[in-house]
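Source file: data.tsv. Holds: TSV, C-alpha atoms.
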```tsv
chain	number	residue	atom	x	y	z
A	22	MET	CA	0.00	0.00	0.00
A	23	HIS	CA	1.26	3.48	-0.81
A	24	ILE	CA	2.67	5.22	2.25
A	25	VAL	CA	0.19	8.13	2.11
A	26	LYS	CA	-2.81	5.82	1.91
A	27	GLN	CA	-1.40	3.68	4.72
A	28	LEU	CA	-0.92	6.75	6.92
A	29	MET	CA	-4.40	8.05	6.15
A	30	SER	CA	-5.92	4.74	7.26
A	31	ILE	CA	-4.69	5.39	10.83
A	32	PRO	CA	-7.21	7.14	13.11
A	33	GLY	CA	-5.83	10.53	14.15
A	34	VAL	CA	-3.86	11.22	10.98
A	35	ILE	CA	-5.24	14.51	9.67
A	36	ALA	CA	-3.39	14.68	6.37
A	37	ALA	CA	-0.39	13.15	4.65
A	38	GLY	CA	1.45	13.88	1.46
A	39	GLU	CA	4.56	13.84	-0.63
A	40	PHE	CA	6.61	16.79	-1.82
A	41	ALA	CA	9.22	16.97	-4.55
A	42	TYR	CA	12.80	17.60	-3.48
A	43	ARG	CA	13.47	19.72	-6.53
A	44	GLY	CA	10.51	22.06	-6.28
A	45	ASP	CA	7.07	22.44	-4.83
A	46	ARG	CA	5.21	19.78	-6.75
A	47	PHE	CA	3.16	17.74	-4.33
A	48	SER	CA	0.42	15.21	-3.74
A	49	TYR	CA	-1.65	14.71	-0.62
A	50	GLU	CA	-4.70	13.21	1.03
A	51	GLY	CA	-6.69	14.44	4.01
A	52	ALA	CA	-7.97	17.65	5.52
A	53	LEU	CA	-6.01	20.20	3.52
A	54	THR	CA	-6.96	22.34	0.55
A	55	ASP	CA	-4.74	22.30	-2.54
A	56	GLU	CA	-3.30	25.66	-1.52
A	57	TYR	CA	-2.59	24.55	2.06
A	58	ALA	CA	-0.98	21.35	0.81
A	59	ARG	CA	1.20	23.45	-1.50
A	60	MET	CA	2.19	25.63	1.45
A	61	ALA	CA	2.86	22.58	3.62
A	62	SER	CA	5.04	21.07	0.91
A	63	ILE	CA	7.13	24.24	0.63
A	64	LEU	CA	7.42	24.47	4.42
A	65	CYS	CA	8.49	20.82	4.70
A	66	ARG	CA	11.04	21.12	1.91
A	67	GLY	CA	12.47	24.28	3.51
A	68	ASN	CA	12.79	22.68	6.94
A	69	THR	CA	14.29	19.50	5.46
A	70	LEU	CA	16.89	21.53	3.58
A	71	SER	CA	17.67	23.53	6.72
A	72	VAL	CA	18.21	20.55	9.04
A	73	ASN	CA	20.33	18.82	6.39
A	74	MET	CA	22.55	21.89	6.18
A	75	GLN	CA	22.87	21.89	9.98
A	76	SER	CA	23.77	18.20	10.05
A	77	GLU	CA	26.54	18.81	7.51
A	78	ILE	CA	28.04	21.42	9.82
A	79	ILE	CA	27.81	19.11	12.83
A	80	ASP	CA	29.30	16.25	10.81
A	81	SER	CA	32.28	18.43	9.86
A	82	PHE	CA	33.15	18.64	13.56
A	83	ALA	CA	32.41	15.00	14.40
A	84	GLU	CA	32.56	12.81	11.31
A	85	ASN	CA	30.29	9.77	11.35
A	86	CYS	CA	28.73	10.82	14.63
A	87	GLY	CA	25.39	9.43	13.46
A	88	CYS	CA	23.47	12.55	12.53
A	89	ARG	CA	23.96	12.52	8.76
A	90	PRO	CA	22.14	12.22	6.48
A	91	VAL	CA	19.08	13.53	8.26
A	92	GLN	CA	16.08	11.22	7.92
A	93	GLY	CA	13.39	13.66	8.98
A	94	TRP	CA	12.08	16.02	11.63
A	95	ILE	CA	9.10	16.48	13.95
A	96	VAL	CA	7.35	19.61	15.19
A	97	ARG	CA	5.22	18.92	18.26
A	98	GLY	CA	2.41	21.44	18.58
A	99	GLY	CA	-0.24	21.88	21.26
A	100	GLN	CA	-2.73	19.46	19.73
A	101	VAL	CA	-1.17	18.68	16.34
A	102	THR	CA	2.21	17.26	15.34
A	103	VAL	CA	3.86	17.59	11.94
A	104	CYS	CA	6.23	14.78	10.93
A	105	ALA	CA	8.48	14.66	7.88
A	106	VAL	CA	10.52	11.66	6.77
A	107	GLY	CA	12.35	11.95	3.47
A	108	ASN	CA	9.94	13.72	1.14
A	109	TYR	CA	6.78	12.59	2.92
A	110	PHE	CA	4.89	14.57	5.54
A	111	SER	CA	1.97	13.97	7.86
A	112	PHE	CA	-0.16	16.10	10.13
A	113	ILE	CA	-1.37	14.06	13.10
A	114	GLU	CA	-3.39	14.61	16.25
A	115	ASN	CA	-1.56	14.36	19.58
A	116	ARG	CA	-3.04	11.01	20.64
A	117	ASP	CA	-1.33	8.43	22.80
A	118	GLU	CA	1.17	6.35	20.84
A	119	LEU	CA	0.11	7.81	17.49
A	120	LEU	CA	3.41	9.66	16.97
A	121	ASN	CA	5.43	6.49	17.62
A	122	ASP	CA	3.22	4.48	15.24
A	123	VAL	CA	3.38	7.08	12.48
A	124	MET	CA	7.16	7.49	12.77
A	125	THR	CA	7.66	3.72	12.73
A	126	ILE	CA	5.59	3.39	9.56
A	127	MET	CA	7.19	6.36	7.84
A	128	ARG	CA	10.74	5.22	8.65
A	129	ALA	CA	9.96	1.65	7.58
A	130	LYS	CA	8.23	2.60	4.33
A	131	VAL	CA	10.63	5.35	3.26
A	132	GLY	CA	13.72	3.43	4.36
A	133	ASP	CA	17.10	4.92	5.26
A	134	LEU	CA	17.90	8.01	3.22
A	135	HIS	CA	21.34	8.35	1.69
A	136	ASP	CA	23.56	11.24	0.67
A	137	ASP	CA	22.03	11.62	-2.80
A	138	LEU	CA	19.16	13.34	-1.02
A	139	LEU	CA	21.31	16.45	-0.66
A	140	ALA	CA	22.02	16.70	-4.38
A	141	ASN	CA	18.30	16.76	-4.97
A	142	LEU	CA	17.62	19.20	-2.16
A	143	TYR	CA	20.29	21.62	-3.32
A	144	ALA	CA	19.12	21.54	-6.93
A	145	ARG	CA	17.51	24.78	-7.98
A	146	LEU	CA	13.77	25.14	-8.25
A	147	GLY	CA	12.34	24.39	-11.64
A	148	GLY	CA	9.42	22.98	-13.55
A	149	ASP	CA	5.75	23.65	-13.28
A	150	THR	CA	5.08	24.44	-9.63
A	151	LYS	CA	1.40	23.66	-10.01
A	152	GLU	CA	2.02	20.23	-11.48
A	153	ALA	CA	1.01	17.28	-9.30
A	154	LEU	CA	3.38	14.37	-8.78
A	155	TYR	CA	0.80	11.83	-9.89
B	7	MET	CA	16.03	19.91	35.60
B	8	ASN	CA	17.31	16.40	36.22
B	9	LEU	CA	19.55	15.30	33.36
B	10	GLU	CA	20.26	11.93	35.00
B	11	LYS	CA	16.53	11.22	34.92
B	12	MET	CA	16.48	12.15	31.21
B	13	MET	CA	19.17	9.54	30.65
B	14	ASP	CA	16.67	6.89	31.80
B	15	LEU	CA	14.63	7.48	28.62
B	16	PRO	CA	14.81	4.56	26.16
B	17	GLY	CA	17.94	4.85	24.03
B	18	ALA	CA	19.19	8.06	25.66
B	19	LEU	CA	22.76	8.90	24.60
B	20	ALA	CA	22.96	12.42	25.99
B	21	ALA	CA	20.93	15.00	27.84
B	22	PHE	CA	21.74	18.67	27.95
B	23	THR	CA	20.54	22.14	28.84
B	24	TYR	CA	21.28	25.33	26.98
B	25	SER	CA	20.76	29.06	27.27
B	26	ASP	CA	18.26	31.08	25.24
B	27	ARG	CA	21.18	31.87	22.91
B	28	GLY	CA	21.99	28.19	22.42
B	29	GLU	CA	25.10	27.98	24.58
B	30	LEU	CA	25.54	24.60	26.23
B	31	LEU	CA	25.06	24.98	30.00
B	32	SER	CA	25.17	21.41	31.29
B	33	HIS	CA	25.24	17.93	29.83
B	34	VAL	CA	25.46	14.21	30.52
B	35	LEU	CA	26.93	11.82	27.93
B	36	ARG	CA	26.49	8.05	27.78
B	37	GLU	CA	29.87	6.36	28.03
B	38	GLY	CA	31.13	5.15	24.65
B	39	THR	CA	28.99	7.48	22.54
B	40	GLU	CA	30.49	9.32	19.54
B	41	LEU	CA	28.91	12.53	20.79
B	42	SER	CA	31.02	15.22	22.43
B	43	PRO	CA	30.35	18.47	24.27
B	44	GLN	CA	31.27	20.32	21.06
B	45	VAL	CA	28.62	18.43	19.11
B	46	LEU	CA	26.06	19.10	21.85
B	47	ASP	CA	26.93	22.80	21.73
B	48	LEU	CA	26.34	22.89	17.97
B	49	LEU	CA	23.15	20.89	18.42
B	50	ALA	CA	21.94	23.31	21.09
B	51	HIS	CA	22.53	26.30	18.79
B	52	SER	CA	20.70	24.60	15.92
B	53	CYS	CA	17.85	23.58	18.23
B	54	VAL	CA	17.29	27.14	19.43
B	55	ALA	CA	17.14	28.25	15.81
B	56	ASN	CA	14.81	25.39	14.82
B	57	LEU	CA	12.46	26.03	17.72
B	58	ALA	CA	12.24	29.70	16.75
B	59	ILE	CA	11.59	28.85	13.10
B	60	ALA	CA	9.00	26.21	14.01
B	61	SER	CA	7.27	28.68	16.32
B	62	MET	CA	7.14	31.26	13.52
B	63	GLU	CA	5.78	28.65	11.11
B	64	ALA	CA	3.13	27.55	13.61
B	65	ARG	CA	1.96	31.12	14.13
B	66	GLY	CA	1.96	31.81	10.42
B	67	TRP	CA	0.14	28.58	9.59
B	68	GLU	CA	-2.61	29.26	12.12
B	69	ALA	CA	-3.00	32.86	10.95
B	70	VAL	CA	-3.17	31.99	7.26
B	71	THR	CA	-5.22	28.79	7.38
B	72	GLY	CA	-7.39	29.38	10.44
B	73	GLN	CA	-6.46	25.88	11.62
B	74	THR	CA	-5.59	25.59	15.30
B	75	GLY	CA	-3.65	23.20	17.50
B	76	PHE	CA	-0.13	24.06	16.39
B	77	GLN	CA	0.52	26.51	19.22
B	78	PRO	CA	1.93	26.47	21.81
B	79	LEU	CA	4.92	24.62	20.46
B	80	LYS	CA	5.80	21.61	22.61
B	81	GLY	CA	9.05	20.59	21.03
B	82	PHE	CA	11.11	19.90	17.95
B	83	SER	CA	13.07	16.87	16.86
B	84	VAL	CA	15.62	16.19	14.14
B	85	VAL	CA	15.83	12.53	13.14
B	86	GLY	CA	19.37	11.66	12.10
B	87	LEU	CA	20.65	8.41	10.65
B	88	GLU	CA	21.41	6.76	14.00
B	89	TRP	CA	19.97	9.10	16.58
B	90	SER	CA	17.37	11.79	17.08
B	91	VAL	CA	17.61	14.95	19.12
B	92	VAL	CA	14.43	16.07	20.88
B	93	VAL	CA	14.28	19.55	22.40
B	94	ASN	CA	11.90	21.91	24.08
B	95	GLY	CA	12.47	25.06	26.11
B	96	ASN	CA	16.06	24.91	27.32
B	97	CYS	CA	16.48	21.15	27.48
B	98	GLY	CA	17.33	18.45	24.97
B	99	VAL	CA	17.87	14.70	24.76
B	100	VAL	CA	19.69	12.64	22.14
B	101	VAL	CA	18.13	9.20	21.72
B	102	ARG	CA	19.17	6.19	19.64
B	103	ASN	CA	16.68	5.68	16.79
B	104	ARG	CA	16.32	1.95	17.24
B	105	ASP	CA	15.19	2.38	20.85
B	106	VAL	CA	13.47	5.76	20.71
B	107	ASP	CA	10.05	6.41	22.21
B	108	TYR	CA	9.20	9.81	20.73
B	109	GLU	CA	6.08	10.29	22.86
B	110	ALA	CA	7.93	9.67	26.11
B	111	THR	CA	10.86	11.83	25.04
B	112	PHE	CA	8.68	14.78	24.03
B	113	ASN	CA	6.79	14.44	27.31
B	114	ALA	CA	10.05	14.40	29.24
B	115	VAL	CA	11.47	17.55	27.66
B	116	GLN	CA	8.12	19.25	28.04
B	117	ALA	CA	8.03	18.48	31.75
B	118	ALA	CA	11.66	19.52	32.30
```

As structure tokens:
Amino acid sequence: MHIVKQLMSIPGVIAAGEFAYRGDRFSYEGALTDEYARMASILCRGNTLSVNMQSEIIDSFAENCGCRPVQGWIVRGGQVTVCAVGNYFSFIENRDELLNDVMTIMRAKVGDLHDDLLANLYARLGGDTKEALY
Amino acid sequence: MNLEKMMDLPGALAAFTYSDRGELLSHVLREGTELSPQVLDLLAHSCVANLAIASMEARGWEAVTGQTGFQPLKGFSVVGLEWSVVVNGNCGVVVRNRDVDYEATFNAVQAA
């Protein structure tokens, strides 16, 4: 089952989607409008690029310390949590054990990310920004 | 803030506190870990920046979309290849990915 559909089948997952590393093309399911999903995709790509840059700096001081390449990030809000793993994101409610379940599924389905991620992240924006991935 | 208690979290490799400017104030490291005080200091600086950015994004998202539940921010985590760092306020924990319990770790840094 596709990762987004699998995530959306879990009670408490508000929305999930995929964003393109090279631009802001995206696909999603759940309680977002097209415009909000576009904004979420840009936000997730920006944060992913930022934490990857930070991990490169940390790695230059302590090579192979275990931080690089970054696999994802989590923002824990008051009632909602945003998770990103690779180029997938999900908005979830703060329910007991939901965050652990969602992160386990996302890490398992996306798999370990490798250094080629950075080449894609650092590539300049291009293409039709309104175009959907699928 | 009890860093030794933080080290009881599943997979904890390090626990640390930092100032509002990101300077490392105190830390505990698990023996044998590749982490160092210098890495924790860099992590602390990046975590302060990430918390500020996430807070700005949460405010902006709520204002633009009308959706609620993102504020107040209760923490931020970066998931690395082998470990994750989870921070909130002026406290952070580094936890091994294969053992991590994100819920418990976020709750711990929130309570600290």

Quiz prompt | Selection near Cys104 (chain A), 10 Å with only C-alpha atoms, sequence-local residues under 5 positions removed, as a ChimeraX atom specification | solution = /A:37,65,93-97,109-113,120,123-124,127 /B:82-83

Exercise. Return the neighbours of chain B among the residues of chain A, cut-off 7 Å, counting only C-alpha atoms, as a PyMOL selection string.
Key: chain A and resi 75+79+83+86-101+118+120-121

Quiz item: By how many Å are CA of Ile78 (chain A) and CA of Ala61 (chain A) apart?
Solution: 26.0 Å

Quiz item: From the set A:Glu77, A:Gly132, A:Arg59, A:Asp122, which residue has the shortest atom-to-atom contact distance to Ala41 (chain A), counting only C-alpha atoms?
Solution: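 The closest residue to Ala41 (chain A) is A:Arg59.
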
Exercise. Using only C-alpha atoms, give me every residue within 9 Å of (25.6, 10.0, 32.7) in file coordinates, as a ChimeraX atom specification.
Key: /B:9-10,13,19-21,33-37

Quiz item: What does the distance between CA of Arg128 (chain A) and CA of Asn115 (chain A) come to in Å, to one decimal place?
Solution: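 Between CA of Arg128 (chain A) and CA of Asn115 (chain A) the gap works out to 18.8 Å.
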
Practice problem: Could you check how far CA of Ser62 (chain A) sits from CA of Arg116 (chain A), in Å to one decimal? | Solution: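 Distance between the two atoms: 23.6 Å.
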
Self-check item: 8 Å contact set for region 24-27 of chain B, only C-alpha atoms, chain neighbours under 6 positions out, as a PyMOL selection string
Solution: chain B and resi 50-51+54+96-97

Practice problem: Rank nothing, just name the residue among B:Gly95, B:Pro16, B:Gly72, B:Gly66 nearest to Leu64 (chain A), using all atoms listed in the file. | Solution: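 Among B:Gly95, B:Pro16, B:Gly72, B:Gly66, it is B:Gly66 that comes nearest to Leu64 (chain A).
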
Output as a CSV table (one decimal), keeping the file's coordinate frame: region 75-94 of chain B, completed with N, CA and C atoms.
```csv
chain,number,residue,atom,x,y,z
B,75,GLY,N,-4.2,24.4,16.9
B,75,GLY,CA,-3.6,23.2,17.5
B,75,GLY,C,-2.1,23.1,17.3
B,76,PHE,N,-1.6,24.1,16.6
B,76,PHE,CA,-0.1,24.1,16.4
B,76,PHE,C,0.6,24.8,17.5
B,77,GLN,N,-0.1,25.8,18.1
B,77,GLN,CA,0.5,26.5,19.2
B,77,GLN,C,-0.2,26.1,20.5
B,78,PRO,N,0.5,26.1,21.6
B,78,PRO,CA,1.9,26.5,21.8
B,78,PRO,C,2.8,25.3,21.4
B,79,LEU,N,4.0,25.6,20.9
B,79,LEU,CA,4.9,24.6,20.5
B,79,LEU,C,5.4,23.8,21.7
B,80,LYS,N,5.4,22.5,21.5
B,80,LYS,CA,5.8,21.6,22.6
B,80,LYS,C,7.1,20.9,22.3
B,81,GLY,N,7.8,21.2,21.3
B,81,GLY,CA,9.0,20.6,21.0
B,81,GLY,C,9.4,20.4,19.6
B,82,PHE,N,10.6,20.1,19.3
B,82,PHE,CA,11.1,19.9,18.0
B,82,PHE,C,12.1,18.8,18.0
B,83,SER,N,12.1,18.0,16.9
B,83,SER,CA,13.1,16.9,16.9
B,83,SER,C,13.7,16.8,15.5
B,84,VAL,N,15.0,16.5,15.4
B,84,VAL,CA,15.6,16.2,14.1
B,84,VAL,C,16.0,14.7,14.2
B,85,VAL,N,15.6,14.0,13.2
B,85,VAL,CA,15.8,12.5,13.1
B,85,VAL,C,17.1,12.3,12.3
B,86,GLY,N,18.2,11.9,12.9
B,86,GLY,CA,19.4,11.7,12.1
B,86,GLY,C,19.4,10.2,11.7
B,87,LEU,N,20.5,9.8,11.1
B,87,LEU,CA,20.6,8.4,10.6
B,87,LEU,C,20.6,7.4,11.8
B,88,GLU,N,21.3,7.7,12.9
B,88,GLU,CA,21.4,6.8,14.0
B,88,GLU,C,20.7,7.3,15.3
B,89,TRP,N,20.6,8.6,15.4
B,89,TRP,CA,20.0,9.1,16.6
B,89,TRP,C,19.1,10.3,16.3
B,90,SER,N,18.2,10.6,17.2
B,90,SER,CA,17.4,11.8,17.1
B,90,SER,C,17.6,12.7,18.3
B,91,VAL,N,17.5,14.0,18.0
B,91,VAL,CA,17.6,15.0,19.1
B,91,VAL,C,16.2,15.5,19.3
B,92,VAL,N,15.8,15.5,20.5
B,92,VAL,CA,14.4,16.1,20.9
B,92,VAL,C,14.6,17.2,21.9
B,93,VAL,N,14.1,18.4,21.5
B,93,VAL,CA,14.3,19.6,22.4
B,93,VAL,C,13.0,20.3,22.7
B,94,ASN,N,13.0,21.0,23.8
B,94,ASN,CA,11.9,21.9,24.1
B,94,ASN,C,12.4,22.9,25.2
```
